[in-house]
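Student: CSV, C-alpha atoms, saved as work.csv, coming up:
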chain,number,residue,atom,x,y,z
A,1,THR,CA,122.3,28.8,35.2
A,2,THR,CA,125.6,27.4,36.5
A,3,GLU,CA,125.6,24.6,34.0
A,4,GLN,CA,125.0,27.0,31.1
A,5,LYS,CA,128.0,29.2,32.2
A,6,GLU,CA,130.2,26.1,32.6
A,7,TYR,CA,129.2,24.9,29.1
A,8,ASP,CA,129.8,28.3,27.5
A,9,LYS,CA,133.2,28.6,29.2
A,10,ALA,CA,134.2,25.1,28.0
A,11,TRP,CA,133.0,25.9,24.4
A,12,ASP,CA,135.0,29.2,24.4
A,13,GLU,CA,138.1,27.4,25.6
A,14,TYR,CA,137.7,24.7,22.9
A,15,TYR,CA,137.2,27.2,20.1
A,16,ALA,CA,140.2,29.3,21.3
A,17,TYR,CA,142.3,26.2,21.3
A,18,ILE,CA,141.4,25.5,17.6
A,19,GLU,CA,142.1,29.1,16.6
A,20,GLN,CA,145.5,29.1,18.3
A,21,HIS,CA,146.8,25.9,16.6
A,22,PRO,CA,148.0,26.5,13.0
A,23,ASP,CA,147.4,22.8,12.0
A,24,TYR,CA,143.6,23.6,12.0
A,25,ASP,CA,142.5,25.2,8.8
A,26,LEU,CA,139.5,27.5,8.3
A,27,ASP,CA,137.3,24.7,7.1
A,28,LYS,CA,137.8,22.9,10.3
A,29,ILE,CA,137.0,26.0,12.4
A,30,GLU,CA,133.8,26.4,10.3
A,31,ASN,CA,132.9,22.8,10.9
A,32,VAL,CA,133.3,23.4,14.7
A,33,ALA,CA,130.9,26.4,14.3
A,34,LYS,CA,128.5,24.1,12.5
A,35,ALA,CA,128.8,21.6,15.3
A,36,GLN,CA,127.9,24.4,17.8
A,37,GLN,CA,124.8,25.2,15.7
A,38,LEU,CA,123.7,21.6,15.9
A,39,VAL,CA,124.2,21.7,19.7
A,40,GLU,CA,122.1,24.8,19.9
A,41,VAL,CA,119.3,23.2,17.7
A,42,GLY,CA,119.5,20.1,19.9
A,43,LYS,CA,118.8,22.3,23.0
A,44,LEU,CA,115.8,23.9,21.3
A,45,ARG,CA,114.5,20.4,20.3
A,46,GLN,CA,114.9,19.2,23.9
A,47,ILE,CA,112.8,22.1,25.2
A,48,THR,CA,109.9,21.4,22.7
A,49,SER,CA,110.2,17.7,23.5
A,50,ARG,CA,109.6,18.3,27.2
A,51,VAL,CA,106.7,20.6,26.4
A,52,LYS,CA,104.9,17.9,24.4
A,53,VAL,CA,104.9,15.5,27.3
A,54,LYS,CA,101.9,17.4,28.8
A,55,ALA,CA,99.9,17.0,25.5
A,56,VAL,CA,100.7,13.3,25.3
A,57,ILE,CA,99.5,12.8,28.9
A,58,GLU,CA,96.2,14.6,28.1
A,59,ASP,CA,95.8,12.3,25.1
A,60,LEU,CA,96.5,9.2,27.2
A,61,GLU,CA,93.7,10.2,29.6
A,62,ASN,CA,91.4,9.6,26.6
A,63,LEU,CA,92.8,6.2,25.8
A,64,ALA,CA,90.0,3.6,26.0
A,65,PRO,CA,90.5,0.4,28.0
A,66,GLY,CA,92.2,-2.2,25.8
A,67,GLU,CA,93.6,0.3,23.3
A,68,GLN,CA,97.4,0.2,23.1
A,69,VAL,CA,99.8,2.9,21.9
A,70,VAL,CA,103.6,3.0,21.2
A,71,ILE,CA,105.2,6.4,22.0
A,72,PHE,CA,108.6,7.4,20.6
A,73,ALA,CA,110.8,10.3,21.6
A,74,GLU,CA,114.3,11.3,20.6
A,75,TYR,CA,115.5,12.2,24.1
A,76,ILE,CA,115.9,9.9,27.1
A,77,ALA,CA,115.0,12.8,29.4
A,78,THR,CA,111.7,13.0,27.6
A,79,ILE,CA,111.0,9.3,28.0
A,80,ASP,CA,111.9,9.5,31.7
A,81,ALA,CA,109.5,12.5,32.1
A,82,LEU,CA,106.8,10.7,30.2
A,83,ASN,CA,107.2,7.5,32.2
A,84,LYS,CA,107.0,9.5,35.5
A,85,ALA,CA,103.9,11.4,34.3
A,86,ILE,CA,102.2,8.1,33.4
A,87,GLU,CA,103.1,6.7,36.8
A,88,ASP,CA,101.6,9.8,38.5
A,89,MET,CA,98.5,9.6,36.3
A,90,ALA,CA,98.1,5.9,37.3
A,91,ARG,CA,98.4,6.8,41.0
A,92,LYS,CA,95.7,9.4,40.7
A,93,GLN,CA,93.5,7.0,38.8
A,94,LYS,CA,93.9,4.4,41.6
A,95,LYS,CA,93.1,7.0,44.3
A,96,LYS,CA,89.9,7.8,42.4
A,97,THR,CA,89.1,4.1,42.4
A,98,GLU,CA,88.7,4.2,38.6
A,99,GLU,CA,88.4,0.8,36.9
A,100,HIS,CA,90.7,1.9,34.1
A,101,VAL,CA,94.2,2.6,35.1
A,102,ILE,CA,96.9,3.3,32.4
A,103,THR,CA,99.8,0.9,32.5
A,104,TYR,CA,103.0,1.2,30.6
A,105,SER,CA,106.2,-0.6,29.7
A,106,THR,CA,109.4,1.0,28.5
A,107,ILE,CA,112.3,-0.3,26.3
A,108,LYS,CA,114.6,0.6,29.2
A,109,LYS,CA,113.4,-2.5,31.2
A,110,GLU,CA,113.9,-6.1,30.3
A,111,GLY,CA,110.8,-8.0,29.2
A,112,SER,CA,109.0,-4.8,28.3
A,113,VAL,CA,108.2,-5.8,24.7
A,114,GLU,CA,106.7,-9.1,25.9
A,115,LYS,CA,104.7,-7.3,28.6
A,116,PHE,CA,103.3,-5.0,26.0
A,117,GLN,CA,102.6,-7.7,23.4
A,118,GLU,CA,100.8,-9.8,26.1
A,119,GLY,CA,98.5,-6.9,26.9
A,120,GLU,CA,99.8,-6.2,30.3
A,121,ALA,CA,100.6,-2.7,29.4
A,122,GLN,CA,98.6,-0.2,27.3
A,123,VAL,CA,101.6,2.1,26.6
A,124,PHE,CA,105.1,1.3,25.3
A,125,THR,CA,107.7,4.1,25.5
A,126,SER,CA,111.0,4.1,23.6
A,127,ASN,CA,113.7,6.1,22.1
A,128,ILE,CA,112.9,6.4,18.3
A,129,ILE,CA,116.4,5.0,17.4
A,130,ALA,CA,116.5,2.1,19.9
A,131,GLY,CA,112.9,1.0,19.5
A,132,GLY,CA,112.2,2.2,16.0
A,133,THR,CA,113.6,-0.9,14.3
A,134,GLY,CA,113.3,-4.6,14.8
A,135,LEU,CA,110.5,-4.7,17.3
A,136,ASN,CA,107.1,-6.2,16.6
A,137,LEU,CA,104.5,-4.2,18.4
A,138,GLN,CA,101.5,-5.0,16.2
A,139,ASN,CA,99.1,-5.3,19.2
A,140,ALA,CA,99.0,-1.5,19.1
A,141,SER,CA,97.0,0.4,16.5
A,142,MET,CA,98.6,3.8,17.3
A,143,VAL,CA,102.1,5.3,17.2
A,144,TRP,CA,102.7,8.7,18.7
A,145,ILE,CA,106.0,10.4,17.8
A,146,ILE,CA,107.0,13.1,20.1
A,147,ASP,CA,110.2,14.1,18.3
A,148,GLU,CA,110.2,13.8,14.5
A,149,ASN,CA,113.7,12.6,13.5
A,150,TRP,CA,115.6,14.5,10.8
A,151,THR,CA,115.7,11.4,8.7
A,152,PRO,CA,112.3,10.3,7.2
A,153,ALA,CA,113.4,6.7,7.0
A,154,ILE,CA,113.8,6.6,10.8
A,155,ASN,CA,110.3,8.0,11.3
A,156,ALA,CA,109.0,5.4,8.8
A,157,GLN,CA,110.7,2.6,10.6
A,158,ALA,CA,109.1,3.7,13.9
A,159,GLU,CA,105.7,3.8,12.3
A,160,ASP,CA,106.2,0.3,10.9
A,161,ARG,CA,106.5,-1.1,14.5
A,162,ILE,CA,102.7,-1.5,14.6
A,163,HIS,CA,102.2,-2.0,10.8
A,164,ARG,CA,103.4,-5.6,10.8
A,165,ILE,CA,102.2,-9.1,9.8
A,166,GLY,CA,99.5,-10.0,12.2
A,167,GLN,CA,98.1,-6.4,12.5
A,168,LYS,CA,94.3,-6.7,12.3
A,169,LYS,CA,93.4,-3.1,13.0
A,170,SER,CA,93.9,0.2,11.1
A,171,SER,CA,97.1,2.0,12.1
A,172,PHE,CA,97.0,5.6,13.3
A,173,ILE,CA,100.2,7.7,13.4
A,174,THR,CA,100.4,11.0,15.3
A,175,TYR,CA,103.3,13.5,15.2
A,176,TYR,CA,103.4,16.1,18.0
A,177,GLU,CA,104.6,19.5,17.0
A,178,VAL,CA,104.9,22.8,18.8
A,179,ASP,CA,103.8,25.7,16.5
A,180,GLY,CA,106.4,28.4,15.8
A,181,THR,CA,109.4,26.2,16.8
A,182,ILE,CA,112.1,24.1,15.2
A,183,ASP,CA,109.6,21.3,14.9
A,184,GLU,CA,108.0,23.1,11.9
A,185,ARG,CA,111.4,23.4,10.2
A,186,ILE,CA,112.1,19.7,10.8
A,187,ARG,CA,108.8,18.7,9.2
A,188,GLU,CA,109.4,21.0,6.2
A,189,ILE,CA,112.9,19.5,5.7
A,190,ASN,CA,111.5,15.9,5.9
A,191,VAL,CA,108.7,16.7,3.4
A,192,GLU,CA,111.4,17.9,1.0
A,193,LYS,CA,113.6,14.8,1.7
A,194,ARG,CA,110.7,12.4,1.0
A,195,LYS,CA,110.1,14.1,-2.4
Could you write out this file's structure as structure tokens?
Tutor:
Amino acid sequence: TTEQKEYDKAWDEYYAYIEQHPDYDLDKIENVAKAQQLVEVGKLRQITSRVKVKAVIEDLENLAPGEQVVIFAEYIATIDALNKAIEDMARKQKKKTEEHVITYSTIKKEGSVEKFQEGEAQVFTSNIIAGGTGLNLQNASMVWIIDENWTPAINAQAEDRIHRIGQKKSSFITYYEVDGTIDERIREINVEKRK
């Protein structure tokens, strides 16, 4: 794509600049290469993140009236895609004159936590970093994590949003993973880190 070519050209120019300046030593050039690897891994994670939105929507179609779920993702684009898919699903439900129409609130809008806690929304969507700490969302009994973070403590904090004082139900945590992708490696790394 045009954007990919533009990105590659900018990266090549940046790397050439570093190589041409003697005040950069080999370690710094290696660090730049490591940074490039992180960028590439990030691209892979974004692709798997988008793929998982479809699975999340399928699971939401089975959400019973009154059940609430908190959904965390790493990428804003994923949250936006998820919110749009929920809106599309709700429109289809209304057209079918179904009694149960999925409603959501998102951390991106003011008053979203209150709306969720008051039961006006069944689904709460958020970035795992922004919404994974400090929020009390104990009305929900489920947390779905689309993108497992590289840091187990961040994942645990996100899980704890529903496991708070005042929680009267069992808590269920679901991690979404695409087989044969970087998701599996992240899980393996986190298992080792937790040990």
Student: When distances are computed from only C-alpha atoms, which of A:Arg91, A:Asp80, A:Leu38, A:Asn62 shows the smallest separation from A:Arg50?
Tutor: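 Closest to A:Arg50 of all the choices is A:Asp80.
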Student: For a test of reading the model, state the distance in Å between atom CA of A:Thr151 and atom CA of A:Lys193, rounded to one decimal.
Tutor: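 Interatomic distance, atom CA of A:Thr151 to atom CA of A:Lys193: 8.1 Å.
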Student: Using only C-alpha atoms, which of A:Asp147, A:Glu40, A:Glu19, A:Glu13 sits nearest A:Val56?
Tutor: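 Looking only at the distances to A:Val56, the closest residue turns out to be A:Asp147.
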Student: Env of A:Thr174: 8 Å cut, atoms = all atoms listed in the file, seq-sep filter 4 positions within chain, self excluded. Answer as a compact mmCIF listing (two decimals) with C-alpha atoms, in the frame of the given file.
Tutor:
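Dumped to around_17.txt:
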# COMPACT_ATOMS: atom_id res chain seq x y z
CA MET A 142 98.60 3.80 17.30
CA VAL A 143 102.10 5.30 17.20
CA TRP A 144 102.70 8.70 18.70
CA ILE A 145 106.00 10.40 17.80
Student: Taking a cut-off of 9 Å and counting only C-alpha atoms, can you build a table that, for each residue of stretch 31-94 of chain A near stretch 175-191 of chain A, reports the nearest atom pair and how far apart they are in Å (one decimal), sorted by chain then residue number, as CSV?
Tutor:
residue,atom,partner,partner_atom,distance
A:Val41,CA,A:Ile182,CA,7.7
A:Leu44,CA,A:Ile182,CA,7.1
A:Arg45,CA,A:Ile182,CA,6.7
A:Thr48,CA,A:Val178,CA,6.5
A:Ser49,CA,A:Val178,CA,8.7
A:Val51,CA,A:Val178,CA,8.1
A:Lys52,CA,A:Tyr176,CA,6.8
A:Ala55,CA,A:Tyr176,CA,8.3
A:Val56,CA,A:Tyr176,CA,8.3
Student: Taking only C-alpha atoms into account, name the residue in A:Gln93, A:Phe72, A:Ile57, A:Ser170 that is nearest to A:Gln157.
Tutor: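 Closest residue, counting only C-alpha atoms: A:Phe72.
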Student: Give me the residues within 6 Å of A:Ile162 as a ChimeraX atom specification, counting all atoms listed in the file and dropping any in the same chain fewer than 4 places off.
Tutor: /A:137-138,140
Student: Can you tell me, as a VMD selection string, what residues are no more than 7 Å from stretch 113-130 of chain A when counting all atoms listed in the file, ignoring any on the same chain fewer than 6 positions away?
Tutor: chain A and resid 66 to 76 79 102 to 107 137 139 158
Student: May I have the selected residues written with C-alpha atoms, as a PDB file, keeping the file's coordinate frame?
Tutor:
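Writing the result to result28.pdb gives the following:
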ATOM      1  CA  GLY A  66      92.200  -2.200  25.800  1.00  0.00           C
ATOM      2  CA  GLU A  67      93.600   0.300  23.300  1.00  0.00           C
ATOM      3  CA  GLN A  68      97.400   0.200  23.100  1.00  0.00           C
ATOM      4  CA  VAL A  69      99.800   2.900  21.900  1.00  0.00           C
ATOM      5  CA  VAL A  70     103.600   3.000  21.200  1.00  0.00           C
ATOM      6  CA  ILE A  71     105.200   6.400  22.000  1.00  0.00           C
ATOM      7  CA  PHE A  72     108.600   7.400  20.600  1.00  0.00           C
ATOM      8  CA  ALA A  73     110.800  10.300  21.600  1.00  0.00           C
ATOM      9  CA  GLU A  74     114.300  11.300  20.600  1.00  0.00           C
ATOM     10  CA  TYR A  75     115.500  12.200  24.100  1.00  0.00           C
ATOM     11  CA  ILE A  76     115.900   9.900  27.100  1.00  0.00           C
ATOM     12  CA  ILE A  79     111.000   9.300  28.000  1.00  0.00           C
ATOM     13  CA  ILE A 102      96.900   3.300  32.400  1.00  0.00           C
ATOM     14  CA  THR A 103      99.800   0.900  32.500  1.00  0.00           C
ATOM     15  CA  TYR A 104     103.000   1.200  30.600  1.00  0.00           C
ATOM     16  CA  SER A 105     106.200  -0.600  29.700  1.00  0.00           C
ATOM     17  CA  THR A 106     109.400   1.000  28.500  1.00  0.00           C
ATOM     18  CA  ILE A 107     112.300  -0.300  26.300  1.00  0.00           C
ATOM     19  CA  LEU A 137     104.500  -4.200  18.400  1.00  0.00           C
ATOM     20  CA  ASN A 139      99.100  -5.300  19.200  1.00  0.00           C
ATOM     21  CA  ALA A 158     109.100   3.700  13.900  1.00  0.00           C
TER      22      ALA A 158
END
Student: What is the distance between atom CA of A:Asn149 and atom CA of A:Asn31, in Å to one decimal?
Tutor: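 It comes out at 21.9 Å.
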Student: Could you jot down the atom CA of A:Lys195 to atom CA of A:Glu148 separation for me, Å, one decimal place?
Tutor: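 A separation of 16.9 Å between them.
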